[in-house]
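What follows is the content of work.txt, which has compact mmCIF, C-alpha atoms and all ligand atoms:
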# COMPACT_ATOMS: atom_id res chain seq x y z
CA MET K 1 -22.58 -27.17 32.44
CA LYS K 2 -21.08 -29.56 29.94
CA LYS K 3 -21.33 -28.75 26.24
CA ARG K 4 -19.91 -30.22 23.09
CA ILE K 5 -18.83 -27.78 20.39
CA ALA K 6 -18.06 -28.66 16.78
CA VAL K 7 -15.25 -26.46 15.50
CA LEU K 8 -14.96 -26.10 11.73
CA PRO K 9 -11.92 -23.89 11.06
CA GLY K 10 -12.32 -23.83 7.26
CA ASP K 11 -9.84 -21.98 5.04
CA GLY K 12 -7.45 -19.00 5.02
CA ILE K 13 -7.34 -17.29 8.40
CA GLY K 14 -10.16 -19.57 9.66
CA PRO K 15 -7.82 -21.93 11.57
CA GLU K 16 -5.99 -19.05 13.32
CA VAL K 17 -9.08 -17.19 14.47
CA THR K 18 -10.92 -20.32 15.63
CA GLU K 19 -7.85 -21.40 17.60
CA ALA K 20 -7.90 -18.03 19.36
CA ALA K 21 -11.60 -18.34 20.14
CA VAL K 22 -11.21 -21.89 21.49
CA LYS K 23 -8.49 -20.62 23.80
CA VAL K 24 -10.87 -17.99 25.19
CA LEU K 25 -13.60 -20.61 25.50
CA GLN K 26 -11.34 -22.78 27.65
CA VAL K 27 -10.56 -19.83 29.92
CA ILE K 28 -14.31 -19.34 30.39
CA ALA K 29 -14.69 -23.06 31.13
CA ARG K 30 -12.02 -22.89 33.82
CA ARG K 31 -13.33 -19.71 35.41
CA PHE K 32 -17.03 -20.59 35.44
CA GLU K 33 -16.59 -24.33 36.00
CA HIS K 34 -18.01 -25.55 32.71
CA THR K 35 -16.73 -28.28 30.44
CA PHE K 36 -16.52 -27.52 26.75
CA ASP K 37 -15.61 -30.57 24.66
CA VAL K 38 -14.27 -29.38 21.35
CA ALA K 39 -14.31 -31.62 18.26
CA TYR K 40 -12.86 -30.55 14.93
CA GLY K 41 -14.32 -31.08 11.45
CA LEU K 42 -13.66 -30.06 7.85
CA ILE K 43 -15.68 -27.62 5.77
CA GLY K 44 -15.09 -25.51 2.66
CA GLY K 45 -11.92 -25.79 0.58
CA ALA K 46 -10.17 -27.89 3.23
CA ALA K 47 -12.98 -30.45 2.94
CA VAL K 48 -12.96 -30.34 -0.88
CA ASP K 49 -9.23 -31.14 -0.85
CA LYS K 50 -9.65 -34.11 1.48
CA HIS K 51 -13.11 -35.49 0.71
CA ASP K 52 -14.14 -33.95 -2.61
CA SER K 53 -17.08 -32.29 -0.90
CA PRO K 54 -17.36 -28.85 0.77
CA LEU K 55 -19.57 -30.38 3.48
CA PRO K 56 -18.74 -34.07 4.03
CA ASP K 57 -21.20 -36.38 5.81
CA GLU K 58 -18.85 -36.83 8.74
CA THR K 59 -18.91 -33.08 9.36
CA ILE K 60 -22.71 -33.07 9.41
CA GLU K 61 -22.66 -36.01 11.86
CA LEU K 62 -20.15 -34.25 14.08
CA CYS K 63 -22.36 -31.15 14.17
CA GLN K 64 -25.45 -33.25 14.84
CA GLN K 65 -23.77 -34.70 17.91
CA SER K 66 -22.79 -31.24 19.17
CA ASP K 67 -24.60 -28.47 21.04
CA ALA K 68 -23.30 -25.66 18.81
CA ILE K 69 -20.97 -25.03 15.87
CA LEU K 70 -18.06 -22.59 15.71
CA LEU K 71 -16.94 -21.85 12.16
CA GLY K 72 -13.92 -19.89 10.87
CA ALA K 73 -14.41 -18.93 7.23
CA VAL K 74 -14.50 -20.67 3.86
CA GLY K 75 -13.20 -19.97 0.37
CA GLY K 76 -10.08 -18.77 -1.40
CA PRO K 77 -8.52 -18.31 -4.84
CA LYS K 78 -7.34 -21.94 -4.85
CA TRP K 79 -10.93 -23.14 -5.34
CA ASP K 80 -12.32 -20.29 -7.48
CA LYS K 81 -12.25 -22.32 -10.68
CA GLN K 82 -14.07 -25.33 -9.20
CA PRO K 83 -17.49 -26.33 -10.54
CA ALA K 84 -20.33 -24.81 -8.49
CA GLU K 85 -20.96 -27.86 -6.29
CA LEU K 86 -17.31 -28.01 -5.27
CA ARG K 87 -17.03 -24.35 -4.29
CA PRO K 88 -16.17 -23.90 -0.58
CA GLU K 89 -19.09 -21.44 -0.19
CA LYS K 90 -21.48 -24.29 -1.04
CA GLY K 91 -20.45 -25.95 2.22
CA LEU K 92 -21.52 -22.90 4.19
CA LEU K 93 -24.86 -22.60 2.39
CA ALA K 94 -25.47 -26.34 2.81
CA ILE K 95 -24.80 -26.37 6.54
CA ARG K 96 -27.13 -23.38 7.08
CA LYS K 97 -29.84 -25.17 5.13
CA HIS K 98 -29.25 -28.60 6.67
CA PHE K 99 -29.77 -27.31 10.22
CA ASP K 100 -32.48 -24.84 9.15
CA LEU K 101 -30.51 -21.92 10.62
CA PHE K 102 -32.91 -19.31 9.32
CA ALA K 103 -32.05 -16.37 11.56
CA ASN K 104 -28.70 -14.67 11.06
CA LEU K 105 -27.91 -12.11 13.77
CA ARG K 106 -25.23 -9.57 12.97
CA PRO K 107 -24.71 -6.91 15.62
CA VAL K 108 -22.90 -3.74 14.56
CA MET K 109 -21.65 -1.42 17.26
CA THR K 110 -19.18 1.41 17.37
CA VAL K 111 -17.07 1.94 20.46
CA PRO K 112 -15.03 5.10 21.15
CA SER K 113 -11.73 3.19 21.14
CA LEU K 114 -12.22 2.13 17.50
CA LEU K 115 -13.74 5.30 16.03
CA HIS K 116 -10.33 6.31 14.66
CA ALA K 117 -10.54 3.44 12.18
CA SER K 118 -14.03 4.20 10.84
CA PRO K 119 -14.19 5.56 7.29
CA LEU K 120 -17.14 7.72 8.40
CA LYS K 121 -16.84 11.04 10.22
CA GLU K 122 -16.74 10.58 13.95
CA GLU K 123 -20.03 12.43 14.52
CA VAL K 124 -21.78 10.05 12.08
CA ALA K 125 -20.13 6.85 13.31
CA LYS K 126 -20.52 7.40 17.03
CA ASN K 127 -23.28 5.71 19.06
CA VAL K 128 -24.08 3.10 16.44
CA ASP K 129 -25.73 0.06 18.01
CA MET K 130 -27.78 -2.01 15.61
CA LEU K 131 -28.65 -5.63 15.08
CA ILE K 132 -29.13 -6.87 11.54
CA VAL K 133 -31.48 -9.86 11.45
CA ARG K 134 -30.97 -11.48 8.07
CA GLU K 135 -33.12 -14.32 6.75
CA LEU K 136 -30.62 -17.06 5.91
CA THR K 137 -32.24 -20.09 4.31
CA GLY K 138 -34.51 -18.66 1.62
CA GLY K 139 -34.62 -16.15 -1.20
CA LEU K 140 -32.27 -15.94 -4.17
CA TYR K 141 -29.62 -18.10 -2.52
CA PHE K 142 -31.79 -21.21 -2.58
CA GLY K 143 -34.67 -20.58 -5.03
CA GLU K 144 -35.21 -23.07 -7.85
CA PRO K 145 -34.86 -23.02 -10.76
CA SER K 146 -31.38 -21.55 -10.81
CA ARG K 147 -29.42 -22.14 -13.99
CA LYS K 148 -26.89 -20.74 -16.40
CA THR K 149 -26.60 -21.55 -20.06
CA GLU K 150 -24.52 -19.93 -22.79
CA LYS K 151 -27.41 -17.65 -23.73
CA ALA K 152 -29.02 -16.80 -20.44
CA ALA K 153 -28.91 -17.31 -16.69
CA PHE K 154 -31.57 -17.10 -14.03
CA ASP K 155 -32.12 -17.30 -10.28
CA THR K 156 -35.38 -17.49 -8.42
CA LEU K 157 -36.43 -15.28 -5.54
CA VAL K 158 -39.07 -17.17 -3.61
CA TYR K 159 -40.33 -16.74 -0.05
CA THR K 160 -43.22 -18.55 1.60
CA ARG K 161 -45.40 -16.68 4.09
CA LYS K 162 -44.18 -19.05 6.83
CA GLU K 163 -40.54 -18.29 6.11
CA ILE K 164 -41.21 -14.58 6.35
CA GLU K 165 -43.31 -14.93 9.49
CA ARG K 166 -40.65 -16.72 11.51
CA ILE K 167 -37.86 -14.27 10.73
CA VAL K 168 -40.08 -11.23 11.25
CA GLU K 169 -41.18 -12.62 14.63
CA LYS K 170 -37.54 -13.16 15.54
CA GLY K 171 -36.83 -9.51 14.68
CA PHE K 172 -39.70 -8.30 16.88
CA GLU K 173 -38.65 -10.53 19.79
CA LEU K 174 -35.06 -9.30 19.59
CA ALA K 175 -36.18 -5.66 19.39
CA ARG K 176 -38.05 -6.19 22.65
CA LEU K 177 -34.74 -6.98 24.34
CA ARG K 178 -33.19 -3.83 22.88
CA ARG K 179 -34.55 -0.33 22.14
CA GLY K 180 -37.87 -1.53 20.71
CA LYS K 181 -37.54 -0.40 17.10
CA VAL K 182 -37.71 -2.54 13.96
CA THR K 183 -36.78 -1.35 10.48
CA SER K 184 -38.06 -3.81 7.90
CA VAL K 185 -36.08 -3.54 4.68
CA ASP K 186 -37.57 -4.60 1.33
CA LYS K 187 -38.00 -3.56 -2.31
CA GLU K 188 -41.77 -3.34 -2.18
CA ASN K 189 -41.99 -0.92 -5.11
CA VAL K 190 -40.70 -3.64 -7.46
CA LEU K 191 -40.65 -7.18 -6.06
CA GLN K 192 -43.62 -9.46 -5.36
CA SER K 193 -41.69 -11.23 -2.60
CA SER K 194 -41.23 -7.83 -0.93
CA LYS K 195 -44.95 -7.07 -1.14
CA LEU K 196 -45.65 -10.29 0.76
CA TRP K 197 -42.83 -9.44 3.17
CA ARG K 198 -44.37 -6.04 3.96
CA GLU K 199 -47.82 -7.56 4.36
CA VAL K 200 -46.49 -10.04 6.93
CA VAL K 201 -44.71 -7.28 8.88
CA GLU K 202 -47.93 -5.23 8.98
CA GLU K 203 -49.84 -8.23 10.27
CA LYS K 204 -47.23 -9.31 12.84
CA LYS K 205 -46.83 -5.84 14.30
CA LYS K 206 -50.35 -6.07 15.73
CA SER K 207 -48.99 -8.63 18.21
CA TYR K 208 -46.14 -6.27 19.20
CA PRO K 209 -47.82 -2.94 20.06
CA ASP K 210 -44.77 -1.99 22.14
CA ILE K 211 -42.49 -2.05 19.09
CA GLU K 212 -42.01 0.90 16.74
CA VAL K 213 -42.03 -0.34 13.13
CA GLU K 214 -40.79 1.37 9.99
CA HIS K 215 -40.54 0.09 6.42
CA MET K 216 -37.59 1.11 4.31
CA LEU K 217 -36.69 0.36 0.71
CA VAL K 218 -33.32 -1.34 0.42
CA ASP K 219 -31.71 1.40 -1.69
CA SER K 220 -32.73 4.00 0.85
CA ALA K 221 -31.51 1.77 3.69
CA ALA K 222 -28.10 1.51 2.00
CA MET K 223 -27.92 5.30 2.01
CA GLN K 224 -29.19 5.75 5.57
CA LEU K 225 -26.59 3.27 6.82
CA VAL K 226 -23.77 5.65 5.94
CA THR K 227 -25.55 8.94 6.60
CA ASN K 228 -27.46 8.21 9.82
CA PRO K 229 -26.47 4.75 11.12
CA SER K 230 -27.23 5.49 14.78
CA ALA K 231 -30.95 5.74 13.94
CA PHE K 232 -31.19 1.95 13.46
CA ASP K 233 -31.98 -0.54 16.20
CA VAL K 234 -33.11 -3.87 14.67
CA ILE K 235 -33.05 -4.26 10.90
CA VAL K 236 -34.95 -7.27 9.60
CA THR K 237 -34.54 -8.26 5.98
CA GLU K 238 -34.33 -11.06 3.44
CA ASN K 239 -31.22 -13.07 2.60
CA MET K 240 -29.56 -11.13 -0.22
CA PHE K 241 -30.38 -7.64 1.09
CA GLY K 242 -29.07 -8.74 4.49
CA ASP K 243 -25.84 -10.02 2.98
CA ILE K 244 -25.14 -6.72 1.25
CA LEU K 245 -26.32 -4.39 4.01
CA SER K 246 -24.42 -6.25 6.72
CA ASP K 247 -21.14 -5.88 4.85
CA GLU K 248 -21.88 -2.20 4.33
CA ALA K 249 -22.75 -1.70 8.00
CA SER K 250 -19.71 -3.61 9.15
CA VAL K 251 -17.22 -1.07 7.87
CA ILE K 252 -18.74 1.62 10.08
CA THR K 253 -17.04 -0.06 13.03
CA GLY K 254 -13.63 0.43 11.47
CA SER K 255 -12.85 -3.18 10.63
CA LEU K 256 -14.69 -6.25 9.43
CA GLY K 257 -12.40 -8.01 11.88
CA VAL K 258 -14.54 -7.19 14.90
CA LEU K 259 -17.96 -8.38 13.75
CA PRO K 260 -19.45 -11.60 15.08
CA SER K 261 -22.53 -13.44 13.90
CA ALA K 262 -24.96 -16.09 15.02
CA SER K 263 -27.08 -18.25 12.74
CA ILE K 264 -29.80 -19.89 14.74
CA GLY K 265 -32.66 -22.27 14.19
CA ALA K 266 -35.99 -22.67 15.94
CA ASP K 267 -34.63 -24.80 18.80
CA GLY K 268 -31.69 -22.61 19.80
CA PHE K 269 -29.10 -24.75 18.01
CA GLY K 270 -26.71 -22.39 16.28
CA LEU K 271 -23.68 -21.81 14.13
CA TYR K 272 -21.38 -18.99 15.18
CA GLU K 273 -18.90 -17.37 12.82
CA PRO K 274 -17.11 -14.09 12.17
CA VAL K 275 -18.66 -11.93 9.43
CA HIS K 276 -15.27 -11.58 7.71
CA GLY K 277 -13.96 -13.96 5.07
CA THR K 278 -10.80 -16.04 4.74
CA ALA K 279 -8.40 -13.15 3.95
CA PRO K 280 -6.04 -15.48 2.00
CA GLU K 281 -3.47 -12.70 1.56
CA ILE K 282 -2.65 -12.73 5.28
CA ALA K 283 -3.43 -16.37 6.09
CA GLY K 284 -0.92 -18.22 8.25
CA GLN K 285 1.01 -15.08 9.17
CA GLY K 286 -0.46 -14.37 12.59
CA LYS K 287 -1.88 -11.06 11.36
CA ALA K 288 -5.60 -11.83 11.55
CA ASN K 289 -7.85 -10.06 14.03
CA PRO K 290 -9.46 -12.78 16.19
CA ALA K 291 -11.97 -10.37 17.82
CA ALA K 292 -14.89 -11.29 15.55
CA THR K 293 -14.52 -15.01 16.27
CA ILE K 294 -13.97 -14.45 19.99
CA LEU K 295 -17.14 -12.32 20.06
CA SER K 296 -18.94 -15.05 18.08
CA VAL K 297 -18.13 -17.41 20.96
CA ALA K 298 -19.75 -14.87 23.30
CA MET K 299 -22.87 -15.02 21.11
CA MET K 300 -22.80 -18.82 21.31
CA LEU K 301 -22.68 -18.72 25.11
CA LYS K 302 -25.59 -16.27 25.16
CA TYR K 303 -27.91 -17.62 22.47
CA SER K 304 -27.30 -21.39 22.52
CA PHE K 305 -26.26 -22.00 26.14
CA GLY K 306 -28.05 -19.20 28.03
CA MET K 307 -24.75 -18.18 29.66
CA GLU K 308 -25.30 -14.40 29.81
CA THR K 309 -22.69 -13.66 32.48
CA GLU K 310 -20.01 -15.61 30.66
CA ALA K 311 -20.87 -13.87 27.37
CA SER K 312 -20.67 -10.44 29.00
CA ALA K 313 -17.30 -11.32 30.54
CA ILE K 314 -15.88 -11.93 27.05
CA GLU K 315 -17.42 -8.77 25.59
CA GLU K 316 -16.10 -6.70 28.44
CA ALA K 317 -12.61 -8.18 28.15
CA VAL K 318 -12.51 -7.44 24.40
CA ASN K 319 -13.63 -3.87 25.03
CA VAL K 320 -11.02 -3.29 27.70
CA VAL K 321 -8.25 -4.60 25.43
CA PHE K 322 -9.33 -2.12 22.74
CA GLU K 323 -9.62 0.68 25.28
CA ASP K 324 -6.12 -0.09 26.48
CA GLY K 325 -5.00 0.57 22.90
CA PHE K 326 -4.04 -2.94 21.83
CA PHE K 327 -4.75 -3.62 18.16
CA THR K 328 -3.99 -6.08 15.39
CA ALA K 329 -2.83 -4.70 12.04
CA ASP K 330 -6.32 -3.96 10.67
CA LEU K 331 -7.05 -1.45 13.45
CA ALA K 332 -3.65 -0.06 14.37
CA SER K 333 -2.83 3.57 13.57
CA PRO K 334 0.61 4.52 12.24
CA GLY K 335 3.04 4.38 15.16
CA ASP K 336 0.99 1.89 17.19
CA ARG K 337 2.61 -1.38 18.17
CA VAL K 338 0.88 -4.03 16.07
CA LEU K 339 -0.08 -7.18 17.96
CA SER K 340 -0.17 -10.61 16.38
CA THR K 341 -3.28 -12.81 16.53
CA ASN K 342 -1.84 -14.75 19.48
CA GLU K 343 -0.57 -11.69 21.34
CA TRP K 344 -3.94 -10.00 21.06
CA THR K 345 -5.76 -13.14 22.18
CA ASP K 346 -3.45 -13.37 25.20
CA LYS K 347 -4.44 -9.81 26.16
CA VAL K 348 -8.07 -10.94 26.22
CA VAL K 349 -7.14 -14.02 28.25
CA ASP K 350 -5.20 -11.83 30.74
CA GLU K 351 -8.16 -9.49 31.01
CA LEU K 352 -10.51 -12.39 31.75
CA ASP K 353 -8.15 -13.53 34.50
CA ILE K 354 -7.96 -10.00 35.93
CA GLN K 355 -11.78 -9.80 35.97
CA SER K 356 -11.98 -13.07 37.85
CA VAL K 357 -9.46 -11.95 40.46
CA SER K 358 -11.20 -8.60 40.97
CA ASN K 359 -14.58 -10.32 41.19
CA SER K 360 -13.31 -12.62 43.90
CA ILE K 361 -11.87 -9.66 45.82
CA MET K 362 -15.28 -7.98 45.68
CA PHE K 363 -16.79 -11.21 46.90
CA THR K 364 -14.40 -11.34 49.88
CA TYR K 365 -15.32 -7.84 51.03
CA ASN K 366 -19.06 -8.38 50.72
C1 LIG K 401 -21.74 -14.27 4.36
C2 LIG K 401 -20.98 -14.67 3.13
C3 LIG K 401 -21.71 -15.83 2.46
C4 LIG K 401 -23.09 -15.32 2.09
C5 LIG K 401 -20.97 -16.42 1.25
C6 LIG K 401 -19.57 -16.84 1.60
C7 LIG K 401 -21.73 -17.56 0.66
O1 LIG K 401 -20.82 -13.60 2.26
O2 LIG K 401 -21.83 -15.09 5.30
O3 LIG K 401 -22.25 -13.15 4.43
O4 LIG K 401 -23.26 -14.69 1.05
O5 LIG K 401 -24.02 -15.59 2.86
MN MN K 402 -21.62 -11.72 3.04
For this file, produce the structure as structure tokens.
Amino acid sequence: MKKRIAVLPGDGIGPEVTEAAVKVLQVIARRFEHTFDVAYGLIGGAAVDKHDSPLPDETIELCQQSDAILLGAVGGPKWDKQPAELRPEKGLLAIRKHFDLFANLRPVMTVPSLLHASPLKEEVAKNVDMLIVRELTGGLYFGEPSRKTEKAAFDTLVYTRKEIERIVEKGFELARLRRGKVTSVDKENVLQSSKLWREVVEEKKKSYPDIEVEHMLVDSAAMQLVTNPSAFDVIVTENMFGDILSDEASVITGSLGVLPSASIGADGFGLYEPVHGTAPEIAGQGKANPAATILSVAMMLKYSFGMETEASAIEEAVNVVFEDGFFTADLASPGDRVLSTNEWTDKVVDELDIQSVSNSIMFTYN
């Protein structure tokens, strides 16, 4: 298969982690005989510096001509004082909206080799395997009016029935491919938008009799996430709740540095990015953990290109490298040798090569 991928490294550690992921992508291309054409574009602070816009037209065009987008991260103290429309984060929100990437998938899993780094007790953190499905193009992030004056400020939380229906359906469909349970998170005891949300879930569940559905208030969900996280399978929720809960859930794994995400639209086109931010304090030092971006590439192969085997190869290689005890600084225990971004990426590349050799040996003996 031949695919074109727009790579938008962004700011801070973005360039380092996307470089690592592109390297892994090219190993997959070689091994599975695909061609991945990679084209680079600017977003976030890097784009503000060069074009006075966090999402320049040429970047949108580049993405339009591509089959998927790989993004690093945007933002940093350098641009904190900018007026709202020149904030790097605006670029990220604008690209999600432009391509109508309404479904944000954030898997959170714990694996035995990383349990040492979890802030939760091992018996609480073990066996976590959940998928947070966050609505990404509606709610408080985009509602109008949104304004601030000297005396007051306001934001608008608006959801149409259609917007809720499509994300709830996505949650049900994804649960079908997993353990068949959906937890819908809302604030139905207070918010009108949540009442509509719950109504839609109740209606949609009639078409999914095989799925177990529970409703949970967002405050209770926040508590359950740190007391009984392994009880969750698919969580489906609106934009702001999903933003907060996914950061909370991410720390269970031990490091934000291992969490990938996919933001997909109705036609399978998608933007893939690590959940972590730009980490300006370690940018450019080779200290960043590239795992989240490498795993985001695996999500791209799976969700946008239908390459399940290739995606699994990456996930397996990442797992083996962790199991072998190789860590970047965020996950290393005292006394461990700390690997740089490039060294750790090379371990994954080696592992992918080892897999391919052992697969061909198996093939020979068959
Ligand atoms: C995320 C980030 C963004 C969000 C910011 C950078 C706008 O926190 O992807 O979760 O709030 O959606
Ligand atoms: Mn966030």
All residues having an atom within 9 Å of ligand LIG 401 (chain K) (only C-alpha atoms and all ligand atoms) as a PyMOL selection string: chain K and resi 73-75+88-93+104+136+141+239-240+242-244+246-247+261+273-277
For atom CA of Thr137 of chain K and atom CA of Ser263 of chain K, the interatomic separation in Å (one decimal): 10.1 Å
Minimum-distance residue to Phe32 of chain K, chosen among K:Ala313, K:Val158, K:Val17, K:Val190 (using all atoms listed in the file):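 Counting all atoms listed in the file, the residue closest to Phe32 of chain K is K:Ala313.
Using all atoms listed in the file, the protein and nucleic acid residues lying no more than 8 Å from Ala222 of chain K, apart from those fewer than 4 places from it along its own chain, are Val218, Val226, Leu245 and Glu248 of chain K.
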Atomic distance atom CA of Arg106 of chain K - atom CA of Leu131 of chain K, expressed in Å with one decimal: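 Distance reported for this atom pair: 5.6 Å.
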Nearest to Thr237 of chain K by atom-to-atom distance, counting all atoms listed in the file, from K:Met223, K:Leu115, K:Ile167, K:Ala21: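 Answer, going by the shortest atom-to-atom distance: K:Ile167.
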Which of K:Ala329, K:Met300, K:Cys63, K:Val24 sits closest to Gly268 of chain K [using all atoms listed in the file]: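 Looking at the shortest contact to Gly268 of chain K, the residue is K:Met300.
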Provide segment 10-18 of chain K rebuilt to all heavy atoms, formatted as an mmCIF file, in the frame of the given file.
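See result-v2.cif below for the written result:
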data_model
loop_
_atom_site.group_PDB
_atom_site.id
_atom_site.type_symbol
_atom_site.label_atom_id
_atom_site.label_comp_id
_atom_site.auth_asym_id
_atom_site.auth_seq_id
_atom_site.Cartn_x
_atom_site.Cartn_y
_atom_site.Cartn_z
ATOM 1 N N GLY K 10 -12.186 -24.279 8.640
ATOM 2 C CA GLY K 10 -12.320 -23.830 7.260
ATOM 3 C C GLY K 10 -10.998 -23.438 6.638
ATOM 4 O O GLY K 10 -9.968 -24.098 6.870
ATOM 5 N N ASP K 11 -10.986 -22.337 5.886
ATOM 6 C CA ASP K 11 -9.840 -21.980 5.040
ATOM 7 C C ASP K 11 -9.222 -20.631 5.454
ATOM 8 O O ASP K 11 -9.786 -19.903 6.257
ATOM 9 C CB ASP K 11 -10.305 -21.874 3.582
ATOM 10 C CG ASP K 11 -11.130 -23.091 3.170
ATOM 11 O OD1 ASP K 11 -10.708 -24.215 3.499
ATOM 12 O OD2 ASP K 11 -12.200 -22.901 2.546
ATOM 13 N N GLY K 12 -8.082 -20.314 4.818
ATOM 14 C CA GLY K 12 -7.450 -19.000 5.020
ATOM 15 C C GLY K 12 -7.130 -18.759 6.479
ATOM 16 O O GLY K 12 -6.506 -19.584 7.144
ATOM 17 N N ILE K 13 -7.613 -17.616 6.994
ATOM 18 C CA ILE K 13 -7.340 -17.290 8.400
ATOM 19 C C ILE K 13 -8.268 -18.038 9.367
ATOM 20 O O ILE K 13 -8.127 -17.906 10.581
ATOM 21 C CB ILE K 13 -7.458 -15.765 8.675
ATOM 22 C CG1 ILE K 13 -8.863 -15.251 8.294
ATOM 23 C CG2 ILE K 13 -6.374 -14.996 7.937
ATOM 24 C CD1 ILE K 13 -9.126 -13.812 8.733
ATOM 25 N N GLY K 14 -9.206 -18.829 8.815
ATOM 26 C CA GLY K 14 -10.160 -19.570 9.660
ATOM 27 C C GLY K 14 -9.490 -20.330 10.810
ATOM 28 O O GLY K 14 -9.883 -20.198 11.971
ATOM 29 N N PRO K 15 -8.463 -21.166 10.496
ATOM 30 C CA PRO K 15 -7.820 -21.930 11.570
ATOM 31 C C PRO K 15 -7.214 -21.053 12.677
ATOM 32 O O PRO K 15 -7.320 -21.377 13.861
ATOM 33 C CB PRO K 15 -6.724 -22.715 10.825
ATOM 34 C CG PRO K 15 -7.265 -22.874 9.430
ATOM 35 C CD PRO K 15 -8.007 -21.588 9.149
ATOM 36 N N GLU K 16 -6.617 -19.907 12.299
ATOM 37 C CA GLU K 16 -5.990 -19.050 13.320
ATOM 38 C C GLU K 16 -7.017 -18.409 14.244
ATOM 39 O O GLU K 16 -6.843 -18.350 15.463
ATOM 40 C CB GLU K 16 -5.187 -17.916 12.659
ATOM 41 C CG GLU K 16 -4.057 -18.390 11.786
ATOM 42 C CD GLU K 16 -3.634 -17.317 10.782
ATOM 43 O OE1 GLU K 16 -3.053 -16.297 11.190
ATOM 44 O OE2 GLU K 16 -3.899 -17.498 9.570
ATOM 45 N N VAL K 17 -8.109 -17.911 13.639
ATOM 46 C CA VAL K 17 -9.080 -17.190 14.470
ATOM 47 C C VAL K 17 -9.912 -18.155 15.320
ATOM 48 O O VAL K 17 -10.298 -17.815 16.446
ATOM 49 C CB VAL K 17 -9.974 -16.230 13.651
ATOM 50 C CG1 VAL K 17 -9.137 -15.083 13.087
ATOM 51 C CG2 VAL K 17 -10.729 -16.931 12.538
ATOM 52 N N THR K 18 -10.169 -19.368 14.799
ATOM 53 C CA THR K 18 -10.920 -20.320 15.630
ATOM 54 C C THR K 18 -10.045 -20.816 16.787
ATOM 55 O O THR K 18 -10.529 -21.004 17.896
ATOM 56 C CB THR K 18 -11.473 -21.533 14.833
ATOM 57 O OG1 THR K 18 -10.464 -22.038 13.980
ATOM 58 C CG2 THR K 18 -12.685 -21.160 14.011
#
